[in-house]
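Scroll down for the structure; my scribbles are underneath it.
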Amino acid sequence: MLSIVFKTLIKYSSMLFNALVVCLCVILPAQALFVSPPKDPIPLIKEIFPNQTHISDKVAAKEGEPLVWTIYGNKESKNDEVLGYAFETNDLARIPAYSGEPVNMLVAIDSKGVYLAAKVLEHHEPIILAGIPETKLHAFADQYNGLHVSDRLKVGGNQTEGIVHIDGLSGATVTVMVMNVAIVKAAKLVAISLGIISTSQEAIQPMGTIYPDVYEKSDWTMLTGNGAIRKLYLNRKTVDEAFVGTDAEHVNEASAEQKQDLFAEIYFAQVDIPTIGRNLLGDSEYQYLLSTLKTDEHAIVLMGVGYSFKGSGYVRGAIFDRIQILQTGNAFAFRDLDHSRLPDIYIDGAPEFKERSIFIIREHHEFNPASDWQLELLVRRQTGPLESIFTSFKGDYHTLDHYVDRPALIMPEPLFDEGRSLAQQVWQEKNAEVVILIILLVIVVMSLFFQDILVRHPTFMHNFRHLFLIITVVFIGWSWGGQLSVVNAFTFLQAFMSDFSWDLFLLDPVIFILWGAAAVTMILWGRAVYCGWLCPFGALQELMNIFARYIKIPQFELPWAVHERLWAIKYLILLALFGLSMESLALAEQFSEVEPFKTTFLLKFDRQWPFVLYASVLLIINIFNRKFFCRYLCPLGAALSTSNSIRLFSWLRRRPECGQPCKTCAKECEIQAIDPDGVINMRECHYCLDCQVTYFNEKKCPPLKKLARKKAKYKETAIPAVNVA
């Protein structure tokens, strides 16, 4: 007999060892492909700036300012000029990511603050080290190209006005959110130090509407005096000074006697406002103008002498290149179809003008009559047959309050929320997931408290459990990425032994809550509750095996002598990973791919074929042997089972007959967590409650059946009581 057991043990151990060797041979070469050593930023800077001639040392212009590289180059000119700037996020915004270490990015901007590139220099993120292809990471970083450092950027979420939304990265949401905050924060600090942007942000003025019935009879003096009609005035001296230091400094320069002479005088106003339009144009012309305006279109009037705002070079079909309108960061010019000549004005006291024009502001410009705007006049001077230099002058316009319905200002969110931590922002955005997950946890705990009632109704109990496992797979696993990993435990230990901060672990609310739930249930009931109810990969395996049994796929179970020895494999894997984590957390993260969790749930099988093959093999084995991975290979399960010695409750009921002579529960336990002597091994139990269903079932439990037969026999042989008169 011992010989047979020994041969069987050798047979199955050899098969398992060969399978593990094959898996390691497949996985380990793949691991080596994704190690991310620190990169030298200089070659990347040269790649981003192909026309660079030299790169300055990474220095700050002033003490206390951020460290930046300044990139110079020859850009169609004889002299070198600044092409842009580059900096590392670790120098400016060291924000810990999921691994506990920051992701160091090289960020490049041009001299106007436009992002040119964002490149990863170094990271320790397990999901990127051995999960997400480099191409996807590059695609995420490429979204910054062309954006401005003053843009308000946000990863994922619903579209929000005034915010640029960047697509996230499946399976690495927390990582890319941290990367985004680091990039934006560092870029803002650099841009402020270089004077590209100011430290303040303007409030947002919601769209306003013109009061159509507000009108008062006015003359020229009244409208220019109260600011309804504004003036841009330039003399020759002002224009000459604007060209000082340029190649056009002495071109068309005024003589000393001409310095105070008029160069340009332009009056401008929003003419679709009733008080302005009706007084300037007359009632009939004003009504005709309104009839030509489409919804959300507006009109301005320009009247001037001196330098022409239309320009002598204007041709039909072209753009008026001497004027444009500026409002809240937008600038737009007018085409010929937007223009009409104004023959005359009828307001009392108006001076004579050389030019009078009405320009239509089209709907697509999204002009807001409630917001301040500027008229910009461009003055150009020729420096050669084809070369010219221009400068511009601006006139401000503020619509009077009693002409327009002006909603209250909206103060914008900062470029990065300095009042709230990133963790607080993440929790606020994941309110729905947090609430639903807490409800699910309450349901699990209540089910355990009332387990003795549930198990007396086997059909309801099984249907309830199967439904909960489906929710665990679909929502906790695939939708929320809430799959715990032994890597989380190693990260916690590393942080605990160094500079511990809760912010690191609060970055992912779902993972944080699940770890909290696992900790509480381990103290109360042991590892069984998480592994049996809340682990997405465990739930997926169980559901697949239930379906396999339903369609009569044959099952195989290892002999007990082999089974109880194979338990040790997962503990050996845990010890090996723990030892690696003491030497190098990054190395431990790579070898933790023995867990197929990232492949299955975080990346949804969208990764390199060795990982997909490994996860698929484990799931296929599970079809024939329930929870094969959980039983023999899972290092997370091994780590959680260490709490068995401190658990407070033991609510799984047993009878003296369990094990000797009755072995019904042991045979029915589909993960072989019941010893031959009838004792439930809580280090291996997954709390499916099947044994408790049998325990209370008089038709399945042999001791109950025996007791039922005795009761029936007693009733049959009992002597009826004699009624004594």
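Chain labels run A, B, ... following the order of the structure tokens; each chain numbers its residues from 1, and ligands are numbered from 1 in the order shown.
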Query raised in the report: Hey, what's within 12 Å of segment 443-453 of chain A if we count only C-alpha atoms and toss same-chain stuff fewer than 2 positions away? As a PyMOL selection string, please?
Result: chain A and resi 436-441+455-458+460-461+464-465+468-469+472+517-518+520-521+524-525+528-530+532-534+649-653+687-697
Report task. Would you list the contacts of Cys634 of chain A as an MDAnalysis selection string, taking every protein, DNA or RNA residue within 6 Å and counting only C-alpha atoms, but skipping same-chain residues closer than 4 positions in sequence? Result -> chainID A and resid 570 629:630
Query - Pairwise distance for atom CA of Pro38 of chain A and atom CA of His148 of chain A, rounded to one decimal in Å - result: 27.2 Å
Requested in this report: Give the helix (DSSP H, G or I) residues of segment 522-667 of chain A, as assigned by DSSP on the backbone, as a ChimeraX atom specification.
Outcome: /A:522-525,528-534,536-550,560-583,585-594,597-602,609-624,628-632,635-646,664-667
Query - Residues within 7 Å of segment 116-122 of chain A, only C-alpha atoms, excluding chain neighbours under 2 positions, as an MDAnalysis selection string - result: chainID A and resid 36:39 48 103:110 114 141:142 144:146
List as a Markdown table every residue of segment 457-552 of chain A that is in contact with segment 609-624 of chain A, defined as an atom at most 10 Å from one of its atoms (using only C-alpha atoms), together with the nearest atom pair and the distance in Å rounded to one decimal, sorted by chain and then rising number.
| residue | atom | partner | partner_atom | distance |
| --- | --- | --- | --- | --- |
| A:Phe537 | CA | A:Leu619 | CA | 9.4 |
| A:Leu540 | CA | A:Leu619 | CA | 8.6 |
| A:Gln541 | CA | A:Asn622 | CA | 6.2 |
| A:Glu542 | CA | A:Asn622 | CA | 8.1 |
| A:Leu543 | CA | A:Ile623 | CA | 9.5 |
| A:Met544 | CA | A:Ile623 | CA | 6.3 |
| A:Asn545 | CA | A:Ile623 | CA | 4.9 |
| A:Ile546 | CA | A:Ile623 | CA | 8.4 |
| A:Phe547 | CA | A:Ile623 | CA | 8.5 |
| A:Ala548 | CA | A:Ile623 | CA | 5.9 |
| A:Arg549 | CA | A:Ile623 | CA | 8.3 |
Query raised in the report: Lys310 of chain A: which residues within 8 Å, counting only C-alpha atoms, same-chain residues fewer than 4 positions away excluded, as a ChimeraX atom specification?
Result: /A:314,320-323
Write out, as a CSV table (one decimal), in the first residue's frame, the residues just selected, with C-alpha atoms.
chain,number,residue,atom,x,y,z
A,314,TYR,CA,-7.0,94.0,-48.8
A,320,PHE,CA,-8.5,91.8,-42.9
A,321,ASP,CA,-4.9,91.4,-41.7
A,322,ARG,CA,-4.6,94.6,-39.7
A,323,ILE,CA,-7.3,93.9,-37.0
Requested in this report: Write out as a PyMOL selection string the residues lying within 12 Å of Phe390 of chain A, counting only C-alpha atoms and excluding same-chain residues fewer than 5 positions away.
Outcome: chain A and resi 239-240+242-244+246-249+251+321-322+377-383
Please write the residues from the selection above to a file, keeping C-alpha atoms, as a short mmCIF file (atom, residue, chain, number, x, y, z; two decimals), in the first residue's frame.
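Generated file (out_38.cif):
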data_model
loop_
_atom_site.label_atom_id
_atom_site.label_comp_id
_atom_site.auth_asym_id
_atom_site.auth_seq_id
_atom_site.Cartn_x
_atom_site.Cartn_y
_atom_site.Cartn_z
CA VAL A 239 4.52 103.66 -32.93
CA ASP A 240 8.19 104.53 -33.45
CA ALA A 242 7.38 100.05 -30.52
CA PHE A 243 9.90 99.25 -33.27
CA VAL A 244 13.00 100.23 -31.29
CA THR A 246 14.13 95.74 -34.42
CA ASP A 247 15.27 95.83 -38.03
CA ALA A 248 12.43 98.30 -38.68
CA GLU A 249 13.55 100.78 -36.04
CA VAL A 251 11.82 102.66 -41.25
CA ASP A 321 -4.94 91.37 -41.68
CA ARG A 322 -4.63 94.56 -39.65
CA LEU A 377 -4.42 96.74 -34.43
CA LEU A 378 -1.38 95.38 -36.27
CA VAL A 379 1.09 97.90 -37.69
CA ARG A 380 3.55 96.55 -40.24
CA ARG A 381 6.77 98.03 -41.61
CA GLN A 382 8.61 96.71 -44.64
CA THR A 383 12.29 95.87 -44.10
#
I'd like the neighbourhood of segment 274-277 of chain A as a compact mmCIF listing (two decimals) with C-alpha atoms, in the first residue's frame, where a residue qualifies if any of its atoms comes within 12 Å (using only C-alpha atoms), though same-chain residues fewer than 4 positions away should be ignored.
# COMPACT_ATOMS: atom_id res chain seq x y z
CA ILE A 210 -27.69 91.33 -24.31
CA TYR A 211 -30.81 92.94 -22.85
CA PRO A 212 -32.93 93.49 -26.01
CA ASP A 213 -35.30 96.04 -24.45
CA VAL A 214 -32.81 98.30 -22.64
CA TYR A 215 -32.52 101.53 -24.64
CA GLU A 216 -31.91 105.18 -23.90
CA LYS A 217 -31.52 108.11 -26.25
CA SER A 218 -27.87 109.24 -26.22
CA ASP A 219 -25.44 111.44 -28.10
CA TRP A 220 -21.79 110.93 -29.02
CA MET A 222 -22.57 110.46 -23.61
CA LEU A 223 -21.65 107.13 -25.23
CA THR A 224 -17.94 107.89 -25.42
CA ASN A 226 -19.55 106.30 -20.24
CA GLY A 227 -17.39 103.80 -22.17
CA ALA A 228 -20.08 102.38 -24.44
CA ILE A 229 -17.88 103.50 -27.35
CA ARG A 230 -14.13 103.07 -26.80
CA PHE A 268 -15.06 100.76 -31.65
CA ALA A 269 -18.13 99.34 -29.95
CA GLN A 270 -20.49 96.35 -29.88
CA LEU A 281 -27.35 103.60 -37.09
CA GLY A 282 -30.89 104.77 -36.64
CA ASP A 283 -33.83 102.47 -35.93
CA SER A 284 -34.34 101.11 -39.44
CA GLU A 285 -30.67 100.31 -40.08
CA TYR A 286 -30.37 98.78 -36.62
CA GLN A 287 -33.36 96.49 -37.22
CA TYR A 288 -31.93 95.49 -40.59
CA LEU A 289 -28.60 94.63 -38.95
CA LEU A 290 -30.33 92.44 -36.35
CA HIS A 298 -22.76 89.62 -32.83
CA ALA A 299 -21.60 92.82 -34.55
CA ILE A 300 -18.98 95.45 -33.82
CA VAL A 301 -18.50 98.85 -35.43
CA ILE A 345 -23.90 107.47 -38.72
CA TYR A 346 -26.77 109.49 -37.29
CA ILE A 347 -25.77 110.15 -33.70
CA ILE A 358 -19.40 96.86 -39.38
CA THR A 399 -19.64 96.05 -21.92
CA LEU A 400 -21.59 98.18 -19.45
CA HIS A 402 -26.90 97.59 -17.62
CA TYR A 403 -26.58 96.52 -21.28
CA VAL A 404 -25.96 92.82 -20.68
Query - Residue with smallest distance to Glu88 of chain A - pool A:Val176, A:Leu514, A:Val181, A:Ala186, counting only C-alpha atoms - result: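 Comparing A:Val176, A:Leu514, A:Val181, A:Ala186 against Glu88 of chain A, the winner is A:Ala186.
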Report summary line: In Å and to one decimal, atom CA of Leu574 of chain A is distant from atom CA of Pro635 of chain A by 4.8 Å
Report task. Run DSSP on the backbone and give me the residues of segment 206-387 of chain A it puts in strand (DSSP E), as a PyMOL selection string. Result -> chain A and resi 209-210+230-235+262-270+298-306+323-327+330-332+339-341+355-361+373-382
Generate a file of the selected residues that holds C-alpha atoms, formatted as an mmCIF file, in the first residue's frame.
data_model
loop_
_atom_site.group_PDB
_atom_site.id
_atom_site.type_symbol
_atom_site.label_atom_id
_atom_site.label_comp_id
_atom_site.auth_asym_id
_atom_site.auth_seq_id
_atom_site.Cartn_x
_atom_site.Cartn_y
_atom_site.Cartn_z
ATOM 1 C CA THR A 209 -26.934 87.801 -23.134
ATOM 2 C CA ILE A 210 -27.690 91.330 -24.311
ATOM 3 C CA ARG A 230 -14.132 103.069 -26.803
ATOM 4 C CA LYS A 231 -11.163 104.675 -28.548
ATOM 5 C CA LEU A 232 -7.719 103.411 -29.541
ATOM 6 C CA TYR A 233 -5.446 106.440 -30.085
ATOM 7 C CA LEU A 234 -1.830 106.253 -31.346
ATOM 8 C CA ASN A 235 0.590 109.056 -32.142
ATOM 9 C CA LEU A 262 -1.841 111.558 -35.098
ATOM 10 C CA PHE A 263 -1.022 108.085 -36.373
ATOM 11 C CA ALA A 264 -4.394 106.381 -35.845
ATOM 12 C CA GLU A 265 -7.623 107.088 -34.010
ATOM 13 C CA ILE A 266 -10.149 104.246 -34.025
ATOM 14 C CA TYR A 267 -13.473 104.183 -32.196
ATOM 15 C CA PHE A 268 -15.060 100.756 -31.649
ATOM 16 C CA ALA A 269 -18.134 99.340 -29.948
ATOM 17 C CA GLN A 270 -20.495 96.354 -29.879
ATOM 18 C CA HIS A 298 -22.759 89.616 -32.829
ATOM 19 C CA ALA A 299 -21.598 92.822 -34.554
ATOM 20 C CA ILE A 300 -18.979 95.455 -33.817
ATOM 21 C CA VAL A 301 -18.499 98.855 -35.434
ATOM 22 C CA LEU A 302 -15.116 100.418 -36.237
ATOM 23 C CA MET A 303 -14.745 104.078 -37.161
ATOM 24 C CA GLY A 304 -11.357 105.642 -37.706
ATOM 25 C CA VAL A 305 -9.019 108.204 -39.182
ATOM 26 C CA GLY A 306 -5.321 108.009 -39.924
ATOM 27 C CA ILE A 323 -7.271 93.888 -37.003
ATOM 28 C CA GLN A 324 -8.379 91.006 -34.845
ATOM 29 C CA ILE A 325 -10.475 90.465 -31.734
ATOM 30 C CA LEU A 326 -9.041 88.937 -28.558
ATOM 31 C CA GLN A 327 -11.216 87.410 -25.852
ATOM 32 C CA ASN A 330 -9.051 83.310 -28.267
ATOM 33 C CA ALA A 331 -8.098 85.447 -31.254
ATOM 34 C CA PHE A 332 -9.990 85.740 -34.524
ATOM 35 C CA HIS A 339 -17.640 93.001 -43.410
ATOM 36 C CA SER A 340 -20.006 95.692 -44.590
ATOM 37 C CA ARG A 341 -19.286 99.368 -45.145
ATOM 38 C CA GLU A 355 -13.436 104.717 -42.537
ATOM 39 C CA ARG A 356 -16.634 103.277 -41.105
ATOM 40 C CA SER A 357 -17.243 99.500 -41.055
ATOM 41 C CA ILE A 358 -19.402 96.862 -39.382
ATOM 42 C CA PHE A 359 -17.893 93.413 -38.767
ATOM 43 C CA ILE A 360 -19.952 90.318 -37.941
ATOM 44 C CA ILE A 361 -18.603 87.942 -35.272
ATOM 45 C CA TRP A 373 -12.510 91.849 -25.166
ATOM 46 C CA GLN A 374 -9.801 93.712 -27.016
ATOM 47 C CA LEU A 375 -9.401 95.229 -30.463
ATOM 48 C CA GLU A 376 -5.870 94.534 -31.683
ATOM 49 C CA LEU A 377 -4.416 96.737 -34.431
ATOM 50 C CA LEU A 378 -1.376 95.378 -36.268
ATOM 51 C CA VAL A 379 1.095 97.905 -37.693
ATOM 52 C CA ARG A 380 3.553 96.546 -40.240
ATOM 53 C CA ARG A 381 6.772 98.030 -41.605
ATOM 54 C CA GLN A 382 8.610 96.708 -44.642
#
